[in-house]
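File shown: protein.tsv. Contents: TSV, C-alpha atoms.
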chain	number	residue	atom	x	y	z
G	1	MET	CA	27.87	155.67	35.10
G	2	ALA	CA	28.40	159.14	36.52
G	3	ASP	CA	31.05	161.23	34.77
G	4	LYS	CA	33.71	161.53	37.48
G	5	SER	CA	35.54	164.25	35.56
G	6	LYS	CA	32.60	166.52	36.46
G	7	VAL	CA	33.08	166.49	40.24
G	8	GLY	CA	32.92	170.14	41.30
G	9	VAL	CA	30.51	171.12	38.53
G	10	LYS	CA	27.92	173.73	39.56
G	11	LEU	CA	24.44	174.56	38.34
G	12	PRO	CA	23.84	178.24	37.62
G	13	ILE	CA	22.47	179.92	40.77
G	14	TYR	CA	18.68	179.71	40.83
G	15	LEU	CA	16.09	181.46	42.99
G	16	LEU	CA	13.49	180.06	45.36
G	17	GLU	CA	10.90	182.47	46.75
G	18	VAL	CA	9.65	181.34	50.14
G	19	GLU	CA	5.86	181.37	50.15
G	20	ARG	CA	3.71	181.14	53.28
G	21	VAL	CA	1.09	179.02	51.54
G	22	LYS	CA	3.70	176.46	50.43
G	23	ILE	CA	4.94	176.15	54.02
G	24	ARG	CA	1.34	175.54	55.14
G	25	GLU	CA	0.88	172.96	52.37
G	26	LEU	CA	4.04	171.11	53.44
G	27	MET	CA	2.97	171.14	57.10
G	28	ARG	CA	-0.50	169.82	56.16
G	29	ALA	CA	1.02	167.02	54.06
G	30	ILE	CA	3.34	165.97	56.90
G	31	GLY	CA	0.47	166.21	59.38
G	32	ASP	CA	2.40	168.63	61.59
G	33	ASP	CA	0.34	171.34	63.31
G	34	ASN	CA	3.19	173.00	65.25
G	35	PRO	CA	2.00	176.65	65.45
G	36	ILE	CA	5.57	178.00	65.37
G	37	PHE	CA	5.61	177.25	61.63
G	38	LEU	CA	2.02	178.36	60.93
G	39	ASP	CA	1.03	181.25	63.18
G	40	ARG	CA	3.03	184.47	63.06
G	41	SER	CA	1.89	185.67	66.49
G	42	LYS	CA	2.88	182.34	68.11
G	43	ALA	CA	6.29	182.51	66.40
G	44	GLN	CA	6.77	186.11	67.53
G	45	ALA	CA	5.91	185.13	71.10
G	46	GLU	CA	8.86	182.72	70.90
G	47	GLY	CA	11.19	185.46	69.66
G	48	TYR	CA	11.10	184.85	65.89
G	49	PRO	CA	10.37	187.85	63.59
G	50	ASP	CA	7.95	185.63	61.62
G	51	THR	CA	7.22	181.91	61.21
G	52	PRO	CA	10.50	180.06	60.51
G	53	CYS	CA	10.54	177.32	57.88
G	54	PRO	CA	10.23	173.73	59.15
G	55	PRO	CA	13.38	171.54	59.06
G	56	THR	CA	12.73	169.81	55.71
G	57	TYR	CA	11.45	172.86	53.80
G	58	ALA	CA	14.55	172.99	51.57
G	59	THR	CA	13.40	169.91	49.67
G	60	LEU	CA	11.15	172.26	47.64
G	61	ALA	CA	14.30	173.64	46.03
G	62	PHE	CA	15.31	170.42	44.31
G	63	GLN	CA	12.54	168.78	42.31
G	64	GLU	CA	9.62	169.82	40.10
G	65	PHE	CA	9.58	173.50	41.09
G	66	THR	CA	13.20	174.13	40.05
G	67	GLY	CA	14.32	171.00	38.18
G	68	ALA	CA	17.68	171.19	39.96
G	69	TYR	CA	18.18	167.44	40.55
G	70	LEU	CA	17.23	166.67	36.93
G	71	LYS	CA	19.58	169.30	35.55
G	72	ILE	CA	22.63	168.32	37.57
G	73	LEU	CA	22.13	164.57	37.04
G	74	LYS	CA	21.94	165.26	33.30
G	75	MET	CA	25.21	167.21	33.51
G	76	LEU	CA	26.76	164.20	35.27
G	77	ASP	CA	25.40	161.74	32.66
G	78	VAL	CA	23.41	159.85	35.29
G	79	PRO	CA	20.26	158.10	33.98
G	80	LEU	CA	17.27	158.90	36.21
G	81	GLU	CA	15.80	155.40	36.10
G	82	ARG	CA	18.88	154.06	37.92
G	83	VAL	CA	18.94	156.47	40.86
G	84	LEU	CA	17.79	156.24	44.47
G	85	HIS	CA	17.90	158.88	47.17
G	86	GLY	CA	20.25	157.47	49.82
G	87	GLU	CA	20.76	160.22	52.37
G	88	GLU	CA	19.76	163.80	53.08
G	89	GLU	CA	21.43	166.30	55.39
G	90	TYR	CA	20.66	169.87	56.41
G	91	GLU	CA	23.01	172.20	58.23
G	92	TYR	CA	21.07	175.13	59.69
G	93	ILE	CA	23.03	178.36	59.81
G	94	GLY	CA	20.16	180.87	60.02
G	95	GLU	CA	16.38	180.85	59.81
G	96	ILE	CA	14.33	181.08	56.59
G	97	PHE	CA	11.11	183.14	56.63
G	98	PRO	CA	8.15	183.67	54.28
G	99	GLY	CA	9.02	186.38	51.75
G	100	ASP	CA	12.72	185.46	51.66
G	101	VAL	CA	14.29	185.01	48.24
G	102	LEU	CA	16.85	182.22	48.42
G	103	HIS	CA	19.76	182.04	46.02
G	104	CYS	CA	20.48	178.33	45.60
G	105	GLN	CA	23.87	177.08	44.47
G	106	MET	CA	23.93	173.35	43.76
G	107	SER	CA	27.20	171.58	43.03
G	108	CYS	CA	28.51	168.04	42.75
G	109	GLU	CA	30.75	167.57	45.78
G	110	SER	CA	31.97	164.02	45.13
G	111	ILE	CA	31.37	160.80	43.21
G	112	VAL	CA	32.58	157.59	44.83
G	113	GLU	CA	32.27	154.13	43.28
G	114	LYS	CA	31.36	151.38	45.71
G	115	LYS	CA	31.28	147.63	45.11
G	116	THR	CA	28.57	145.67	46.90
G	117	ARG	CA	27.51	142.01	46.72
G	118	SER	CA	24.62	142.94	44.43
G	119	GLY	CA	26.71	145.08	42.07
G	120	SER	CA	28.52	148.39	41.79
G	121	LEU	CA	27.16	151.76	42.81
G	122	ASP	CA	28.16	155.35	42.27
G	123	LEU	CA	27.59	157.48	45.36
G	124	ILE	CA	26.98	161.03	44.18
G	125	THR	CA	26.99	163.82	46.77
G	126	LEU	CA	25.24	167.04	45.80
G	127	GLN	CA	25.62	170.12	47.94
G	128	THR	CA	23.34	173.15	47.85
G	129	ILE	CA	24.12	176.42	49.59
G	130	PHE	CA	21.14	178.70	50.32
G	131	THR	CA	21.84	182.43	50.65
G	132	ASN	CA	19.02	184.89	51.37
G	133	GLN	CA	18.33	188.37	49.94
G	134	LYS	CA	20.47	189.90	52.73
G	135	ASP	CA	23.44	187.85	51.51
G	136	GLN	CA	23.32	185.64	54.62
G	137	THR	CA	24.03	181.96	54.10
G	138	VAL	CA	21.16	180.30	55.96
G	139	LEU	CA	21.35	176.63	55.03
G	140	LYS	CA	23.59	173.98	53.51
G	141	ALA	CA	21.92	170.86	52.17
G	142	ARG	CA	23.60	167.65	51.08
G	143	SER	CA	21.86	164.91	49.09
G	144	LEU	CA	23.46	161.51	48.54
G	145	ILE	CA	22.17	160.06	45.28
G	146	ILE	CA	22.88	156.39	44.56
G	147	GLU	CA	23.26	155.26	40.96
G	148	ARG	CA	23.00	151.52	40.39
G	149	LEU	CA	25.57	150.61	37.73
B	1	MET	CA	4.56	176.54	72.40
B	2	THR	CA	6.82	175.19	75.11
B	3	PRO	CA	9.28	172.56	73.94
B	4	LEU	CA	8.62	169.25	75.64
B	5	VAL	CA	12.21	168.43	76.51
B	6	ASN	CA	14.73	170.37	78.53
B	7	PHE	CA	17.87	169.61	76.54
B	8	ARG	CA	20.20	171.14	79.14
B	9	GLU	CA	19.28	168.37	81.55
B	10	LEU	CA	19.66	165.48	79.10
B	11	GLU	CA	22.50	163.02	79.50
B	12	VAL	CA	24.06	160.51	77.11
B	13	GLY	CA	21.80	157.47	76.85
B	14	ASP	CA	18.58	159.36	77.62
B	15	MET	CA	15.67	158.65	75.27
B	16	LEU	CA	13.31	161.34	74.04
B	17	PRO	CA	9.53	160.71	74.18
B	18	SER	CA	8.66	158.90	70.95
B	19	VAL	CA	6.27	160.54	68.48
B	20	GLU	CA	3.58	158.29	66.96
B	21	LYS	CA	2.14	159.31	63.59
B	22	ASP	CA	-1.25	158.39	62.16
B	23	PRO	CA	-1.17	155.68	59.44
B	24	VAL	CA	0.22	156.96	56.13
B	25	THR	CA	-2.53	157.41	53.52
B	26	LYS	CA	-2.49	157.56	49.72
B	27	THR	CA	-4.09	161.00	49.95
B	28	GLN	CA	-1.16	162.09	52.09
B	29	LEU	CA	1.32	160.97	49.41
B	30	VAL	CA	-0.57	163.03	46.81
B	31	ARG	CA	-0.58	166.02	49.16
B	32	TYR	CA	3.13	165.59	49.80
B	33	ALA	CA	3.85	165.35	46.06
B	34	GLY	CA	2.11	168.69	45.54
B	35	ALA	CA	3.70	170.30	48.58
B	36	SER	CA	7.27	169.20	47.89
B	37	GLY	CA	7.38	168.97	44.10
B	38	ASP	CA	8.32	165.27	44.17
B	39	PHE	CA	5.92	164.08	41.48
B	40	ASN	CA	7.61	160.71	40.86
B	41	PRO	CA	4.56	158.51	40.02
B	42	LEU	CA	5.97	155.69	42.22
B	43	HIS	CA	4.44	157.73	45.06
B	44	THR	CA	1.03	158.42	43.55
B	45	ASP	CA	0.12	155.86	40.86
B	46	ASP	CA	-0.33	152.20	41.88
B	47	ALA	CA	-0.07	151.00	38.27
B	48	VAL	CA	3.38	152.59	37.85
B	49	ALA	CA	4.53	151.21	41.21
B	50	GLN	CA	3.30	147.72	40.33
B	51	LYS	CA	5.09	147.86	37.00
B	52	ALA	CA	8.26	148.57	38.98
B	53	GLY	CA	7.67	145.36	40.98
B	54	LEU	CA	6.17	146.93	44.11
B	55	LYS	CA	2.82	145.98	45.65
B	56	GLY	CA	1.71	149.60	45.23
B	57	VAL	CA	2.74	153.20	45.83
B	58	ILE	CA	5.47	153.97	48.36
B	59	ALA	CA	5.90	157.10	50.48
B	60	GLN	CA	8.42	159.78	49.58
B	61	GLY	CA	11.51	159.36	51.79
B	62	LEU	CA	11.39	163.07	52.53
B	63	LEU	CA	7.86	162.67	53.94
B	64	ILE	CA	9.26	160.28	56.54
B	65	MET	CA	12.14	162.71	57.13
B	66	GLY	CA	9.41	165.33	57.60
B	67	PHE	CA	7.87	163.16	60.35
B	68	VAL	CA	11.26	163.09	62.08
B	69	GLY	CA	11.57	166.88	61.63
B	70	GLN	CA	8.14	167.23	63.26
B	71	ALA	CA	9.31	165.10	66.20
B	72	ILE	CA	12.56	167.06	66.61
B	73	THR	CA	10.80	170.44	66.61
B	74	SER	CA	8.31	169.11	69.18
B	75	TRP	CA	11.31	168.37	71.43
B	76	VAL	CA	13.48	171.42	70.80
B	77	PRO	CA	13.02	175.03	69.58
B	78	LYS	CA	13.70	175.25	65.82
B	79	HIS	CA	16.56	177.76	66.22
B	80	HIS	CA	18.46	175.33	68.51
B	81	LEU	CA	18.52	172.67	65.76
B	82	LYS	CA	21.85	172.94	63.92
B	83	ARG	CA	22.15	169.78	61.85
B	84	PHE	CA	19.80	166.97	60.74
B	85	GLN	CA	20.92	164.02	58.64
B	86	VAL	CA	19.13	160.82	57.65
B	87	ARG	CA	19.82	157.65	55.68
B	88	PHE	CA	16.80	156.14	53.90
B	89	LYS	CA	16.62	152.42	54.69
B	90	GLY	CA	13.22	150.99	53.89
B	91	MET	CA	10.06	151.61	51.90
B	92	THR	CA	6.92	152.91	53.61
B	93	PHE	CA	3.52	151.88	52.26
B	94	PRO	CA	0.06	153.40	52.83
B	95	GLY	CA	-1.34	151.95	56.07
B	96	ASP	CA	2.08	151.87	57.77
B	97	THR	CA	2.19	153.61	61.14
B	98	ILE	CA	5.48	155.39	61.75
B	99	SER	CA	6.93	156.18	65.14
B	100	VAL	CA	9.97	158.38	65.67
B	101	SER	CA	12.43	157.82	68.49
B	102	ALA	CA	15.71	159.43	69.52
B	103	THR	CA	18.53	158.79	71.99
B	104	VAL	CA	21.24	161.17	73.19
B	105	THR	CA	24.66	159.95	72.01
B	106	GLU	CA	26.91	162.91	72.80
B	107	LYS	CA	26.84	165.95	75.07
B	108	VAL	CA	29.70	168.45	75.29
B	109	SER	CA	29.88	172.01	76.55
B	110	GLU	CA	30.97	174.49	73.93
B	111	GLY	CA	31.27	178.11	75.12
B	112	GLU	CA	27.87	179.14	76.43
B	113	ASN	CA	26.08	176.10	75.00
B	114	PHE	CA	25.78	172.37	75.24
B	115	ARG	CA	26.20	170.63	71.90
B	116	ILE	CA	23.94	167.59	72.05
B	117	VAL	CA	23.91	164.88	69.38
B	118	CYS	CA	21.03	162.42	69.13
B	119	HIS	CA	20.57	159.26	67.09
B	120	THR	CA	17.08	159.01	65.63
B	121	GLU	CA	15.03	156.31	63.90
B	122	ALA	CA	11.66	156.08	62.19
B	123	LYS	CA	10.08	152.61	62.43
B	124	ASP	CA	6.81	151.09	61.28
B	125	GLN	CA	4.30	149.05	63.31
B	126	ASN	CA	6.46	145.92	62.82
B	127	GLY	CA	9.64	147.58	64.08
B	128	GLU	CA	11.12	147.82	60.58
B	129	ILE	CA	13.47	150.79	60.30
B	130	LYS	CA	12.51	153.20	57.51
B	131	LEU	CA	15.25	155.69	58.16
B	132	SER	CA	17.95	156.36	60.70
B	133	GLY	CA	20.02	159.44	61.26
B	134	GLN	CA	21.21	162.01	63.69
B	135	PHE	CA	20.65	165.58	64.68
B	136	GLU	CA	22.60	168.18	66.64
B	137	VAL	CA	21.20	170.72	69.04
B	138	LEU	CA	22.91	173.75	70.59
B	139	ALA	CA	21.19	174.48	73.90
B	140	PRO	CA	22.24	177.38	76.14
B	141	ILE	CA	23.88	176.23	79.40
B	142	ASP	CA	22.41	179.25	81.23
B	143	PRO	CA	18.67	179.34	80.45
B	144	SER	CA	18.21	183.00	81.50

For this file, write the structure as structure tokens.
Amino acid sequence: MADKSKVGVKLPIYLLEVERVKIRELMRAIGDDNPIFLDRSKAQAEGYPDTPCPPTYATLAFQEFTGAYLKILKMLDVPLERVLHGEEEYEYIGEIFPGDVLHCQMSCESIVEKKTRSGSLDLITLQTIFTNQKDQTVLKARSLIIERL
Amino acid sequence: MTPLVNFRELEVGDMLPSVEKDPVTKTQLVRYAGASGDFNPLHTDDAVAQKAGLKGVIAQGLLIMGFVGQAITSWVPKHHLKRFQVRFKGMTFPGDTISVSATVTEKVSEGENFRIVCHTEAKDQNGEIKLSGQFEVLAPIDPS
């Protein structure tokens, strides 16, 4: 069961460098060939300084490459084998471009216990604020993690 | 690339042209694991998935969200997309064919823009919903 006294807890800020080849890899995996995200000249023709990141790029900031989910769930005493990813939300404030260095601040926004017919759940909301090297907040992400109790 | 949909002219209840994806493949799940960093073996190793009581590997939820992101940015310029939220509802298996649909649920003018909210769903070939959610677009009222 998640430690509800730890609502508000934050991970130390960590960095994510935005790499063009990782954007291409993500696009290839999705099967999306939209040139806005792949071809700088096409993006510039649409008024972008470079190729913007696709809408779900921020997911790279959470798992194997940073360990952020693992670290915060450990801080909250949530066992990994009992969790499911329930919801994901992105609020786009600015664009993210290759070469940007994102400062990622993940925190536990809330933990709510919910009773269902098949048992109790903890609904854990994690928020991550992404700020670029120019100190502009470009994205807020929210992940709802479900712990089966 | 010209966006397919003129959001200024949309009204509540209008449906966007649905986007049909190719069938999900196991190779794609491996590619997505490497691309995203989600290396949970439930997505790449049939033996692990079967031990967990599944018939085999399942797709990463974020891959299906990625399909919806692809659909949205085929309809609207990326910089007009302001919010995108999904709830994961069902498991997707290799061989499933996902289609993404969206309907306008709200349209209000806000300064120089329309704020347009759409409900979106990703379904498989049997109509089973894999995820549902919504997204918000800010589209300039005056296109010039």

Point to revise | Straight-line distance linking atom CA of Val112 of chain G with atom CA of Met1 of chain G, stated in Å to one decimal | key: 11.0 Å

Point to revise | Within 9 Å of chain G: residues of chain B, using all atoms listed in the file, as a VMD selection string | key: chain B and resid 1 to 2 21 to 22 27 to 39 61 to 67 69 to 70 72 to 74 77 to 79 81 to 89 133

**Study point:** Contacts of Val19 of chain B within 8 Å, only C-alpha atoms, excl. fewer than 4 positions in-chain, as a list in words
**Key:** Ala71, Ser99, Val100 and Ser101 of chain B

Check your understanding: Quick one: distance from atom CA of Val108 of chain B to atom CA of Met15 of chain B in Å, one decimal?
Key ->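 Calculated distance between atom CA of Val108 of chain B and atom CA of Met15 of chain B is 17.1 Å.
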
Review point. What separation in Å, quoted to one decimal, exists between atom CA of Glu81 of chain G and atom CA of Tyr69 of chain G?
Key: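 Atom-to-atom, atom CA of Glu81 of chain G to atom CA of Tyr69 of chain G, that is 13.1 Å.
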
**Study point:** Using only C-alpha atoms: which of B:Ser18, B:Ser132, B:Asn6, B:Asn126 has the shortest distance to Phe114 of chain B
**Key:**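 Comparing B:Ser18, B:Ser132, B:Asn6, B:Asn126 against Phe114 of chain B, the winner is B:Asn6.
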
Check your understanding: With only C-alpha atoms as the atoms that count, which of B:Gln125, B:Ser109, B:Thr120, B:Thr92 lies nearest to Val24 of chain B?
Key ->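 Closest residue, counting only C-alpha atoms: B:Thr92.
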
Hey, could you patch up segment 6-24 of chain G with N, CA and C atoms and hand it over as a compact mmCIF listing (two decimals), in the frame of the given file?
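Done, and the output landed in selection_7.txt:
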# COMPACT_ATOMS: atom_id res chain seq x y z
N LYS G 6 33.45 165.34 36.21
CA LYS G 6 32.60 166.52 36.46
C LYS G 6 32.40 166.81 37.94
N VAL G 7 33.15 166.13 38.81
CA VAL G 7 33.08 166.49 40.24
C VAL G 7 33.45 167.97 40.37
N GLY G 8 32.68 168.71 41.14
CA GLY G 8 32.92 170.14 41.30
C GLY G 8 32.04 171.00 40.41
N VAL G 9 31.37 170.35 39.45
CA VAL G 9 30.51 171.12 38.53
C VAL G 9 29.37 171.78 39.31
N LYS G 10 28.98 172.97 38.86
CA LYS G 10 27.92 173.73 39.56
C LYS G 10 26.79 174.04 38.60
N LEU G 11 25.56 174.02 39.12
CA LEU G 11 24.44 174.56 38.34
C LEU G 11 24.49 176.08 38.45
N PRO G 12 23.99 176.79 37.44
CA PRO G 12 23.84 178.24 37.62
C PRO G 12 22.97 178.51 38.86
N ILE G 13 23.27 179.57 39.57
CA ILE G 13 22.47 179.92 40.77
C ILE G 13 21.01 180.11 40.34
N TYR G 14 20.10 179.52 41.11
CA TYR G 14 18.68 179.71 40.83
C TYR G 14 17.98 180.22 42.09
N LEU G 15 16.80 180.80 41.89
CA LEU G 15 16.09 181.46 42.99
C LEU G 15 14.93 180.61 43.48
N LEU G 16 14.69 180.65 44.77
CA LEU G 16 13.49 180.06 45.36
C LEU G 16 12.85 181.12 46.26
N GLU G 17 11.63 181.52 45.90
CA GLU G 17 10.90 182.47 46.75
C GLU G 17 10.13 181.69 47.79
N VAL G 18 10.28 182.08 49.04
CA VAL G 18 9.65 181.34 50.14
C VAL G 18 8.23 181.86 50.34
N GLU G 19 7.26 180.97 50.11
CA GLU G 19 5.86 181.37 50.15
C GLU G 19 5.16 180.75 51.35
N ARG G 20 4.40 181.59 52.08
CA ARG G 20 3.71 181.14 53.28
C ARG G 20 2.77 179.97 52.98
N VAL G 21 2.08 180.06 51.85
CA VAL G 21 1.09 179.02 51.54
C VAL G 21 1.77 177.68 51.24
N LYS G 22 2.98 177.71 50.69
CA LYS G 22 3.70 176.46 50.43
C LYS G 22 4.20 175.83 51.75
N ILE G 23 4.54 176.68 52.71
CA ILE G 23 4.94 176.15 54.02
C ILE G 23 3.73 175.45 54.66
N ARG G 24 2.57 176.11 54.58
CA ARG G 24 1.34 175.54 55.14
C ARG G 24 1.01 174.20 54.45
